[in-house]
>>> print(open('data.txt').read())   # compact mmCIF, C-alpha atoms
# COMPACT_ATOMS: atom_id res chain seq x y z
CA MET A 1 -90.59 63.42 -127.93
CA LEU A 2 -92.35 61.17 -125.45
CA ASN A 3 -94.41 58.36 -126.91
CA GLN A 4 -97.60 58.65 -124.88
CA ASP A 5 -99.22 55.25 -124.72
CA ILE A 6 -102.14 56.03 -122.39
CA LEU A 7 -104.55 58.95 -122.67
CA PHE A 8 -107.32 60.01 -120.31
CA SER A 9 -110.28 62.27 -121.02
CA ASP A 10 -113.58 63.39 -119.55
CA SER A 11 -114.83 64.10 -123.09
CA LEU A 12 -115.89 61.14 -125.19
CA ASP A 13 -116.36 63.45 -128.18
CA GLU A 14 -112.81 64.80 -128.05
CA LEU A 15 -111.16 61.44 -127.56
CA LEU A 16 -113.04 59.68 -130.35
CA SER A 17 -112.38 62.56 -132.77
CA GLN A 18 -108.63 62.62 -132.06
CA TYR A 19 -107.80 59.00 -131.27
CA THR A 20 -108.25 57.41 -134.70
CA GLN A 21 -108.68 53.73 -135.52
CA ASN A 22 -105.20 53.75 -137.06
CA ASP A 23 -103.82 53.95 -133.52
CA GLU A 24 -105.53 50.63 -132.77
CA PRO A 25 -106.47 51.72 -129.25
CA ALA A 26 -108.29 49.86 -126.56
CA LEU A 27 -110.92 52.07 -124.94
CA ILE A 28 -112.33 51.85 -121.43
CA ILE A 29 -115.45 54.01 -121.10
CA HIS A 30 -116.72 54.44 -117.54
CA CYS A 31 -120.16 56.04 -117.39
CA THR A 32 -120.57 57.83 -114.04
CA THR A 33 -123.96 59.50 -114.57
CA GLY A 34 -126.70 59.56 -117.20
CA LYS A 35 -127.06 57.20 -120.15
CA LEU A 36 -124.91 56.41 -123.19
CA GLN A 37 -125.89 54.40 -126.27
CA ILE A 38 -122.99 53.43 -128.49
CA GLU A 39 -122.51 51.13 -131.47
CA LEU A 40 -119.71 48.59 -131.11
CA ASN A 41 -118.98 46.38 -134.12
CA GLY A 42 -122.47 47.11 -135.44
CA GLU A 43 -124.23 46.16 -132.19
CA GLN A 44 -125.89 48.70 -129.90
CA ARG A 45 -124.60 48.81 -126.34
CA ILE A 46 -126.27 50.82 -123.58
CA LEU A 47 -124.38 52.18 -120.59
CA GLN A 48 -125.96 53.70 -117.52
CA ALA A 49 -124.41 55.12 -114.37
CA HIS A 50 -121.70 52.78 -112.98
CA ASP A 51 -121.39 50.78 -116.22
CA MET A 52 -118.03 50.26 -117.94
CA LEU A 53 -117.50 49.42 -121.63
CA LEU A 54 -114.37 47.54 -122.67
CA CYS A 55 -113.60 48.17 -126.34
CA GLN A 56 -110.72 46.06 -127.63
CA PRO A 57 -108.26 47.12 -130.35
CA LYS A 58 -109.61 46.90 -133.93
CA GLN A 59 -113.22 46.95 -132.75
CA ILE A 60 -115.21 49.59 -134.61
CA ILE A 61 -117.11 52.30 -132.75
CA GLY A 62 -120.03 53.66 -134.76
CA ASN A 63 -122.76 56.17 -134.00
CA TYR A 64 -123.43 57.10 -130.41
CA MET A 65 -125.78 59.32 -128.42
CA TYR A 66 -126.13 60.26 -124.78
CA SER A 67 -128.44 62.01 -122.34
CA PRO A 68 -127.71 65.64 -121.35
CA ASP A 69 -126.60 64.55 -117.86
CA MET A 70 -124.20 61.88 -119.13
CA ARG A 71 -120.70 62.06 -117.69
CA CYS A 72 -117.97 59.55 -118.41
CA ARG A 73 -114.29 58.90 -117.97
CA VAL A 74 -112.46 57.48 -120.98
CA THR A 75 -109.08 55.74 -121.02
CA ALA A 76 -107.38 55.00 -124.34
CA ILE A 77 -104.47 52.55 -124.42
CA ARG A 78 -102.48 52.03 -127.60
CA LYS A 79 -102.40 48.42 -128.74
CA HIS A 80 -98.69 47.80 -128.20
CA ALA A 81 -98.89 49.07 -124.61
CA LEU A 82 -101.96 46.92 -123.97
CA ASP A 83 -100.13 43.90 -125.41
CA ASP A 84 -97.33 44.37 -122.89
CA ILE A 85 -99.81 44.62 -120.01
CA LEU A 86 -101.89 41.61 -121.09
CA TYR A 87 -98.74 39.61 -121.82
CA VAL A 88 -97.94 39.61 -118.10
CA CYS A 89 -101.55 38.96 -117.09
CA MET A 90 -101.92 35.98 -119.43
CA ARG A 91 -98.87 34.29 -117.93
CA GLU A 92 -100.26 34.58 -114.40
CA ASP A 93 -104.02 34.01 -114.88
CA ASN A 94 -104.94 30.46 -115.87
CA LYS A 95 -108.45 31.56 -116.83
CA TRP A 96 -107.36 34.37 -119.17
CA TRP A 97 -108.72 32.61 -122.29
CA GLU A 98 -112.20 32.20 -120.79
CA LYS A 99 -112.12 35.81 -119.60
CA ALA A 100 -111.05 37.07 -123.01
CA GLN A 101 -113.99 35.24 -124.58
CA PHE A 102 -116.31 36.59 -121.90
CA VAL A 103 -115.27 40.20 -122.59
CA GLN A 104 -115.72 39.63 -126.32
CA GLN A 105 -119.33 38.60 -125.75
CA ASN A 106 -120.07 40.87 -122.77
CA PRO A 107 -118.15 44.15 -123.19
CA VAL A 108 -120.32 46.06 -120.69
CA ILE A 109 -119.51 45.50 -117.02
CA ARG A 110 -121.89 46.61 -114.24
CA LEU A 111 -119.81 47.86 -111.30
CA ASN A 112 -120.82 47.09 -107.74
CA GLU A 113 -120.17 49.50 -104.88
CA ARG A 114 -116.62 48.33 -104.19
CA GLN A 115 -115.74 48.35 -107.87
CA GLN A 116 -117.12 51.89 -108.20
CA GLU A 117 -114.83 53.03 -105.40
CA LEU A 118 -111.82 51.40 -107.06
CA ALA A 119 -112.71 52.92 -110.43
CA GLU A 120 -112.90 56.36 -108.83
CA LEU A 121 -109.54 55.77 -107.17
CA PHE A 122 -107.88 54.81 -110.47
CA ASN A 123 -109.49 57.82 -112.14
CA ARG A 124 -108.17 60.17 -109.47
CA ILE A 125 -104.67 58.76 -109.74
CA SER A 126 -104.74 59.10 -113.52
CA ILE A 127 -105.76 62.76 -113.24
CA LEU A 128 -102.96 63.53 -110.77
CA TYR A 129 -100.28 62.00 -112.98
CA ALA A 130 -101.73 63.55 -116.13
CA GLU A 131 -101.27 66.92 -114.42
CA ASP A 132 -97.55 66.15 -114.12
CA GLY A 133 -97.31 66.67 -117.88
CA GLN A 134 -95.53 64.56 -120.47
CA THR A 135 -92.65 63.16 -118.46
CA TRP A 136 -90.97 59.77 -118.50
CA HIS A 137 -91.89 59.31 -114.83
CA SER A 138 -95.59 60.08 -115.18
CA GLU A 139 -95.89 57.88 -118.29
CA LYS A 140 -94.37 54.88 -116.50
CA VAL A 141 -96.63 55.38 -113.48
CA ARG A 142 -99.71 55.55 -115.72
CA ILE A 143 -98.73 52.25 -117.31
CA VAL A 144 -98.26 50.61 -113.89
CA PHE A 145 -101.68 51.77 -112.72
CA ALA A 146 -103.27 50.71 -116.01
CA GLN A 147 -101.86 47.24 -115.41
CA ALA A 148 -103.23 47.27 -111.86
CA ALA A 149 -106.65 48.31 -113.17
CA ILE A 150 -106.66 45.46 -115.70
CA TYR A 151 -105.68 42.98 -112.98
CA GLU A 152 -108.63 44.27 -110.97
CA MET A 153 -111.02 43.88 -113.91
CA LEU A 154 -109.80 40.32 -114.46
CA SER A 155 -110.68 39.54 -110.84
CA TRP A 156 -114.16 41.00 -111.40
CA MET A 157 -114.74 38.38 -114.10
CA GLU A 158 -113.73 35.47 -111.89
CA SER A 159 -117.28 34.48 -110.93
CA SER A 160 -118.56 35.05 -114.47
CA VAL A 161 -116.20 32.49 -115.98
CA SER A 162 -116.34 30.12 -113.00
CA GLU A 163 -120.07 29.42 -113.16
CA PRO A 164 -120.08 27.76 -116.60
CA GLN A 165 -117.05 25.67 -115.61
CA SER A 166 -118.88 24.34 -112.54
CA VAL A 167 -121.81 23.25 -114.70
CA ARG A 168 -119.84 21.79 -117.61
CA LYS A 169 -116.77 19.69 -116.96
CA GLU A 170 -113.78 20.98 -118.86
CA GLY A 171 -113.17 18.84 -121.94
CA ARG A 172 -109.92 17.20 -123.01
CA GLN A 173 -109.36 19.70 -125.81
CA GLU A 174 -109.90 22.70 -123.51
CA ILE A 175 -107.41 21.27 -121.00
CA LEU A 176 -104.85 20.63 -123.75
CA PHE A 177 -105.26 24.13 -125.19
CA ARG A 178 -104.93 25.74 -121.76
CA ASP A 179 -101.78 23.70 -121.01
CA PHE A 180 -100.33 24.60 -124.42
CA MET A 181 -100.98 28.31 -123.89
CA GLN A 182 -99.41 28.28 -120.44
CA LEU A 183 -96.35 26.50 -121.79
CA ALA A 184 -96.11 28.81 -124.81
CA MET A 185 -96.41 31.94 -122.66
CA LYS A 186 -93.74 30.61 -120.30
CA GLN A 187 -91.33 30.05 -123.20
CA GLU A 188 -91.93 33.63 -124.43
CA GLY A 189 -91.33 32.70 -128.06
CA ARG A 190 -87.92 31.12 -127.47
CA GLU A 191 -89.20 27.73 -128.61
CA ARG A 192 -90.91 28.04 -131.99
CA GLU A 193 -91.42 24.46 -133.18
CA VAL A 194 -94.90 22.96 -132.74
CA ARG A 195 -93.31 19.54 -132.25
CA TRP A 196 -91.41 20.80 -129.19
CA TYR A 197 -94.71 21.63 -127.48
CA ALA A 198 -96.49 18.52 -128.76
CA ASP A 199 -93.78 16.25 -127.33
CA ARG A 200 -94.09 17.83 -123.90
CA LEU A 201 -97.88 17.58 -123.99
CA SER A 202 -97.75 13.95 -125.20
CA VAL A 203 -99.74 14.56 -128.40
CA THR A 204 -98.91 14.74 -132.08
CA PRO A 205 -98.20 18.13 -133.72
CA LYS A 206 -101.15 17.55 -136.04
CA TYR A 207 -103.56 17.00 -133.13
CA LEU A 208 -102.22 20.00 -131.22
CA THR A 209 -102.72 22.19 -134.27
CA HIS A 210 -106.26 20.84 -134.70
CA VAL A 211 -107.16 21.59 -131.08
CA CYS A 212 -105.72 25.11 -131.20
CA HIS A 213 -107.62 25.90 -134.39
CA THR A 214 -110.86 24.43 -133.01
CA ILE A 215 -110.77 26.47 -129.81
CA SER A 216 -109.05 29.70 -130.86
CA GLY A 217 -109.41 29.79 -134.65
CA LYS A 218 -105.60 29.88 -134.94
CA ALA A 219 -103.10 27.13 -135.65
CA ALA A 220 -100.52 26.33 -132.97
CA SER A 221 -97.75 27.75 -135.17
CA ALA A 222 -99.64 31.06 -135.55
CA ILE A 223 -100.09 31.35 -131.78
CA ILE A 224 -96.38 30.69 -131.21
CA GLU A 225 -95.53 33.27 -133.86
CA ASP A 226 -97.79 35.88 -132.20
CA ILE A 227 -96.05 35.33 -128.86
CA THR A 228 -92.60 35.49 -130.49
CA VAL A 229 -93.32 38.77 -132.29
CA ARG A 230 -94.85 40.28 -129.15
CA GLU A 231 -91.75 39.43 -127.10
CA ILE A 232 -89.39 40.80 -129.76
CA LYS A 233 -91.36 44.06 -129.82
CA ARG A 234 -91.27 44.26 -126.03
CA LEU A 235 -87.50 43.75 -125.90
CA LEU A 236 -86.93 46.39 -128.58
CA ARG A 237 -89.22 48.92 -126.87
CA GLN A 238 -88.45 48.34 -123.22
CA THR A 239 -84.77 47.34 -123.10
CA ASP A 240 -81.49 48.66 -124.44
CA LEU A 241 -80.35 45.26 -125.69
CA THR A 242 -78.61 45.37 -129.06
CA THR A 243 -80.14 43.60 -132.03
CA LYS A 244 -77.58 40.82 -131.62
CA GLU A 245 -78.40 40.47 -127.91
CA VAL A 246 -82.13 40.27 -128.64
CA CYS A 247 -81.36 37.63 -131.28
CA THR A 248 -79.38 35.60 -128.73
CA GLN A 249 -82.02 35.95 -126.01
CA MET A 250 -84.74 34.79 -128.43
CA ARG A 251 -82.56 31.80 -129.45
CA PHE A 252 -82.49 32.44 -133.18
CA VAL A 253 -79.91 30.35 -135.04
CA SER A 254 -78.23 33.36 -136.65
CA LEU A 255 -78.36 37.15 -136.68
CA SER A 256 -79.13 37.22 -140.40
CA PHE A 257 -82.15 34.94 -139.92
CA PHE A 258 -83.35 37.04 -136.97
CA CYS A 259 -83.08 40.26 -139.02
CA LYS A 260 -85.04 38.64 -141.84
CA TYR A 261 -87.70 37.46 -139.37
CA VAL A 262 -88.03 40.94 -137.84
CA ARG A 263 -88.32 42.64 -141.21
CA GLN A 264 -90.94 40.11 -142.32
CA HIS A 265 -93.14 40.53 -139.23
CA LEU A 266 -92.51 44.17 -138.29
CA GLY A 267 -92.14 45.57 -141.79
CA MET A 268 -88.83 47.24 -140.88
CA THR A 269 -85.47 46.57 -139.23
CA ALA A 270 -85.15 46.16 -135.47
CA ASN A 271 -83.37 49.52 -135.15
CA ASP A 272 -86.00 51.28 -137.26
CA TYR A 273 -88.79 49.80 -135.13
CA ARG A 274 -87.07 50.88 -131.92
CA ARG A 275 -86.49 54.36 -133.29
CA LYS A 276 -90.07 54.70 -134.47
CA MET A 277 -91.57 53.60 -131.15
CA ARG A 278 -89.34 55.87 -129.08
CA GLN A 279 -89.64 58.96 -131.26
CA ALA A 280 -93.30 58.78 -132.21
CA PRO A 281 -95.06 62.18 -131.97
CA VAL A 282 -97.12 62.80 -128.84
CA LYS A 283 -100.78 63.65 -128.84
CA LYS A 284 -101.79 66.46 -126.51
CA GLU A 285 -103.67 65.81 -123.31
CA MET A 286 -107.38 66.36 -123.87
CA TYR A 287 -108.77 68.35 -120.94
>>> encode(input="data.txt", output="structure tokens")
Amino acid sequence: MLNQDILFSDSLDELLSQYTQNDEPALIIHCTTGKLQIELNGEQRILQAHDMLLCQPKQIIGNYMYSPDMRCRVTAIRKHALDDILYVCMREDNKWWEKAQFVQQNPVIRLNERQQELAELFNRISILYAEDGQTWHSEKVRIVFAQAAIYEMLSWMESSVSEPQSVRKEGRQEILFRDFMQLAMKQEGREREVRWYADRLSVTPKYLTHVCHTISGKAASAIIEDITVREIKRLLRQTDLTTKEVCTQMRFVSLSFFCKYVRQHLGMTANDYRRKMRQAPVKKEMY
């Protein structure tokens, strides 16, 4: 069975009733006409024609209501697929942290004329490939276009995150955190000691941990661990490397330690995780 990572629907009611919070989806709701009022993490958000709501995984959608003429296009992306897409984006966009914070505080985007045209184009492409049915080819193409759409949305936020930076000079801690994140993303979890990063950034491990916690709420070791686990998951899902080959590529000291690490962070063996992700039941298209 094909593991369908991206779903499209013209019916907000159908998608929200079938795509449960257990799936940890990210939702992109594009309102094309009318008005939608929706509760996101306990806060009311209002969408009108040409507005787009970005709902991140684990955010809670509550009550909602809409006008009789409301029409929308909804895209649901399972968390692990979104992680793979953002993983690439974060390595290439040096403002990704500011943009992530901006989306957290401003989940509704007002689309200008050009952005509306692009949104319609992505919608049309998604419909065409959804009509192909549940095939390996159509699923891969949907993922590629989802990544392209996210790249486009990141570019839309460029001016939003640039204005505060022009007013307030970036502080030493922000610069250090940005440099640490770029270095950590480049290493892809293959270097897991905080001291390794601290030495290259000319600071102490204690200070680096303090800065990371101050800016992100996470210790440096926790950030490195998140990146490591994400890369292991990607290799198990997207490649045919054996467990031993993944262990070697991730530079673990031994296969037994790698297997213990995987079981601790994934809750199962590497082979079980790969089997689960590739044989997960498919939800039906909702049209």
>>> atom_distance(input="data.txt", atom1="atom CA of His137 of chain A", atom2="atom CA of Ala81 of chain A")
15.8 Å
>>> atom_distance(input="data.txt", atom1="atom CA of Tyr66 of chain A", atom2="atom CA of Val108 of chain A")
15.9 Å
>>> closest_residue(input="data.txt", among="A:Thr269, A:Asn63, A:Gln173, A:Ser9", to="His210 of chain A", atoms="all atoms listed in the file")
A:Gln173
>>> residues_near_point(input="data.txt", point="(-126.7, 52.5, -128.7)", cutoff="10 Å", atoms="only C-alpha atoms", output="PyMOL selection string")
chain A and resi 35-40+42-47+62-66
>>> atom_distance(input="data.txt", atom1="atom CA of Phe258 of chain A", atom2="atom CA of Ser221 of chain A")
17.2 Å
>>> residues_around(input="data.txt", residues="Ile109 of chain A", least_positions_apart="3", cutoff="10 Å", atoms="all atoms listed in the file", output="VMD selection string")
chain A and resid 30 47 50 to 54 103 106 112 153 156 to 157
>>> closest_residue(input="data.txt", among="A:Gln104, A:Gln238, A:Thr33, A:Thr209", to="Cys55 of chain A", atoms="only C-alpha atoms")
A:Gln104
>>> axis_aligned_box(input="data.txt", around="segment 175-194 of chain A", padding_each_side="3 Å", output="lines of an AutoDock Vina configuration file")
center_x = -97.7
center_y = 27.1
center_z = -126.7
size_x = 25.5
size_y = 19.0
size_z = 18.9
>>> residues_around(input="data.txt", residues="Arg230 of chain A", least_positions_apart="2", cutoff="9 Å", atoms="all atoms listed in the file", output="PyMOL selection string")
chain A and resi 80+83-84+87+188-189+225-228+232-235
>>> closest_residue(input="data.txt", among="A:Lys140, A:Arg71, A:Arg190, A:Arg178", to="Val246 of chain A", atoms="all atoms listed in the file")
A:Arg190
>>> residues_near_point(input="data.txt", point="(-115.0, 52.8, -111.6)", cutoff="10 Å", atoms="only C-alpha atoms", output="count of residues only")
23
>>> residues_around(input="data.txt", residues="Leu201 of chain A", least_positions_apart="4", cutoff="12 Å", atoms="all atoms listed in the file", output="JSON, numbers by chain")
{"A": [173, 175, 176, 177, 178, 179, 180, 181, 182, 183, 184, 194, 195, 196, 197, 205, 207, 208]}
>>> closest_residue(input="data.txt", among="A:Ala76, A:Leu236, A:Ala26, A:Met277", to="Glu14 of chain A", atoms="all atoms listed in the file")
A:Ala76
>>> closest_residue(input="data.txt", among="A:Met70, A:Leu82, A:Ile224, A:Ile6", to="Met185 of chain A", atoms="all atoms listed in the file")
A:Ile224
>>> closest_residue(input="data.txt", among="A:Ser17, A:Gln264, A:Ser126, A:Asn271", to="Val229 of chain A", atoms="all atoms listed in the file")
A:Gln264
>>> decode(input="data.txt", residues="segment 201-227 of chain A", atoms="N, CA and C atoms", output="PDB file, in the first residue's frame")
ATOM      1  N   LEU A 201      33.113  27.397  16.870  1.00  0.00           N
ATOM      2  CA  LEU A 201      32.497  28.717  16.992  1.00  0.00           C
ATOM      3  C   LEU A 201      33.227  29.588  18.013  1.00  0.00           C
ATOM      4  N   SER A 202      34.321  29.047  18.562  1.00  0.00           N
ATOM      5  CA  SER A 202      35.190  29.785  19.500  1.00  0.00           C
ATOM      6  C   SER A 202      34.448  30.240  20.748  1.00  0.00           C
ATOM      7  N   VAL A 203      33.608  29.375  21.299  1.00  0.00           N
ATOM      8  CA  VAL A 203      32.923  29.636  22.560  1.00  0.00           C
ATOM      9  C   VAL A 203      32.994  28.376  23.403  1.00  0.00           C
ATOM     10  N   THR A 204      32.587  28.485  24.663  1.00  0.00           N
ATOM     11  CA  THR A 204      32.554  27.304  25.516  1.00  0.00           C
ATOM     12  C   THR A 204      31.248  26.539  25.292  1.00  0.00           C
ATOM     13  N   PRO A 205      31.242  25.233  25.525  1.00  0.00           N
ATOM     14  CA  PRO A 205      29.991  24.460  25.395  1.00  0.00           C
ATOM     15  C   PRO A 205      28.880  25.004  26.294  1.00  0.00           C
ATOM     16  N   LYS A 206      29.257  25.459  27.485  1.00  0.00           N
ATOM     17  CA  LYS A 206      28.258  25.990  28.413  1.00  0.00           C
ATOM     18  C   LYS A 206      27.599  27.236  27.839  1.00  0.00           C
ATOM     19  N   TYR A 207      28.406  28.129  27.244  1.00  0.00           N
ATOM     20  CA  TYR A 207      27.841  29.364  26.694  1.00  0.00           C
ATOM     21  C   TYR A 207      26.982  29.063  25.468  1.00  0.00           C
ATOM     22  N   LEU A 208      27.426  28.139  24.634  1.00  0.00           N
ATOM     23  CA  LEU A 208      26.645  27.774  23.456  1.00  0.00           C
ATOM     24  C   LEU A 208      25.293  27.202  23.862  1.00  0.00           C
ATOM     25  N   THR A 209      25.281  26.361  24.873  1.00  0.00           N
ATOM     26  CA  THR A 209      24.031  25.799  25.371  1.00  0.00           C
ATOM     27  C   THR A 209      23.121  26.894  25.917  1.00  0.00           C
ATOM     28  N   HIS A 210      23.710  27.843  26.635  1.00  0.00           N
ATOM     29  CA  HIS A 210      22.939  28.961  27.193  1.00  0.00           C
ATOM     30  C   HIS A 210      22.287  29.781  26.083  1.00  0.00           C
ATOM     31  N   VAL A 211      23.042  30.087  25.038  1.00  0.00           N
ATOM     32  CA  VAL A 211      22.521  30.891  23.934  1.00  0.00           C
ATOM     33  C   VAL A 211      21.398  30.153  23.214  1.00  0.00           C
ATOM     34  N   CYS A 212      21.603  28.876  22.944  1.00  0.00           N
ATOM     35  CA  CYS A 212      20.576  28.086  22.251  1.00  0.00           C
ATOM     36  C   CYS A 212      19.286  28.042  23.060  1.00  0.00           C
ATOM     37  N   HIS A 213      19.407  27.862  24.357  1.00  0.00           N
ATOM     38  CA  HIS A 213      18.218  27.789  25.204  1.00  0.00           C
ATOM     39  C   HIS A 213      17.522  29.148  25.286  1.00  0.00           C
ATOM     40  N   THR A 214      18.311  30.217  25.336  1.00  0.00           N
ATOM     41  CA  THR A 214      17.741  31.569  25.414  1.00  0.00           C
ATOM     42  C   THR A 214      16.930  31.907  24.169  1.00  0.00           C
ATOM     43  N   ILE A 215      17.457  31.560  23.000  1.00  0.00           N
ATOM     44  CA  ILE A 215      16.814  31.948  21.748  1.00  0.00           C
ATOM     45  C   ILE A 215      15.735  30.959  21.311  1.00  0.00           C
ATOM     46  N   SER A 216      16.007  29.653  21.464  1.00  0.00           N
ATOM     47  CA  SER A 216      15.079  28.650  20.929  1.00  0.00           C
ATOM     48  C   SER A 216      14.290  27.897  21.989  1.00  0.00           C
ATOM     49  N   GLY A 217      14.720  28.007  23.269  1.00  0.00           N
ATOM     50  CA  GLY A 217      14.062  27.228  24.312  1.00  0.00           C
ATOM     51  C   GLY A 217      14.590  25.812  24.404  1.00  0.00           C
ATOM     52  N   LYS A 218      15.576  25.477  23.572  1.00  0.00           N
ATOM     53  CA  LYS A 218      16.171  24.139  23.565  1.00  0.00           C
ATOM     54  C   LYS A 218      17.669  24.232  23.798  1.00  0.00           C
ATOM     55  N   ALA A 219      18.219  23.250  24.486  1.00  0.00           N
ATOM     56  CA  ALA A 219      19.662  23.184  24.669  1.00  0.00           C
ATOM     57  C   ALA A 219      20.322  22.781  23.356  1.00  0.00           C
ATOM     58  N   ALA A 220      21.607  23.086  23.220  1.00  0.00           N
ATOM     59  CA  ALA A 220      22.327  22.738  21.995  1.00  0.00           C
ATOM     60  C   ALA A 220      22.279  21.235  21.749  1.00  0.00           C
ATOM     61  N   SER A 221      22.428  20.452  22.799  1.00  0.00           N
ATOM     62  CA  SER A 221      22.409  18.986  22.645  1.00  0.00           C
ATOM     63  C   SER A 221      21.064  18.499  22.129  1.00  0.00           C
ATOM     64  N   ALA A 222      19.968  19.130  22.569  1.00  0.00           N
ATOM     65  CA  ALA A 222      18.629  18.729  22.121  1.00  0.00           C
ATOM     66  C   ALA A 222      18.430  19.071  20.646  1.00  0.00           C
ATOM     67  N   ILE A 223      18.974  20.209  20.215  1.00  0.00           N
ATOM     68  CA  ILE A 223      18.868  20.595  18.802  1.00  0.00           C
ATOM     69  C   ILE A 223      19.647  19.611  17.931  1.00  0.00           C
ATOM     70  N   ILE A 224      20.859  19.263  18.373  1.00  0.00           N
ATOM     71  CA  ILE A 224      21.677  18.295  17.632  1.00  0.00           C
ATOM     72  C   ILE A 224      20.968  16.949  17.556  1.00  0.00           C
ATOM     73  N   GLU A 225      20.357  16.559  18.654  1.00  0.00           N
ATOM     74  CA  GLU A 225      19.627  15.284  18.696  1.00  0.00           C
ATOM     75  C   GLU A 225      18.450  15.300  17.729  1.00  0.00           C
ATOM     76  N   ASP A 226      17.704  16.402  17.681  1.00  0.00           N
ATOM     77  CA  ASP A 226      16.573  16.522  16.752  1.00  0.00           C
ATOM     78  C   ASP A 226      17.039  16.344  15.312  1.00  0.00           C
ATOM     79  N   ILE A 227      18.152  16.987  14.967  1.00  0.00           N
ATOM     80  CA  ILE A 227      18.680  16.899  13.603  1.00  0.00           C
ATOM     81  C   ILE A 227      19.136  15.475  13.299  1.00  0.00           C
TER      82      ILE A 227
END
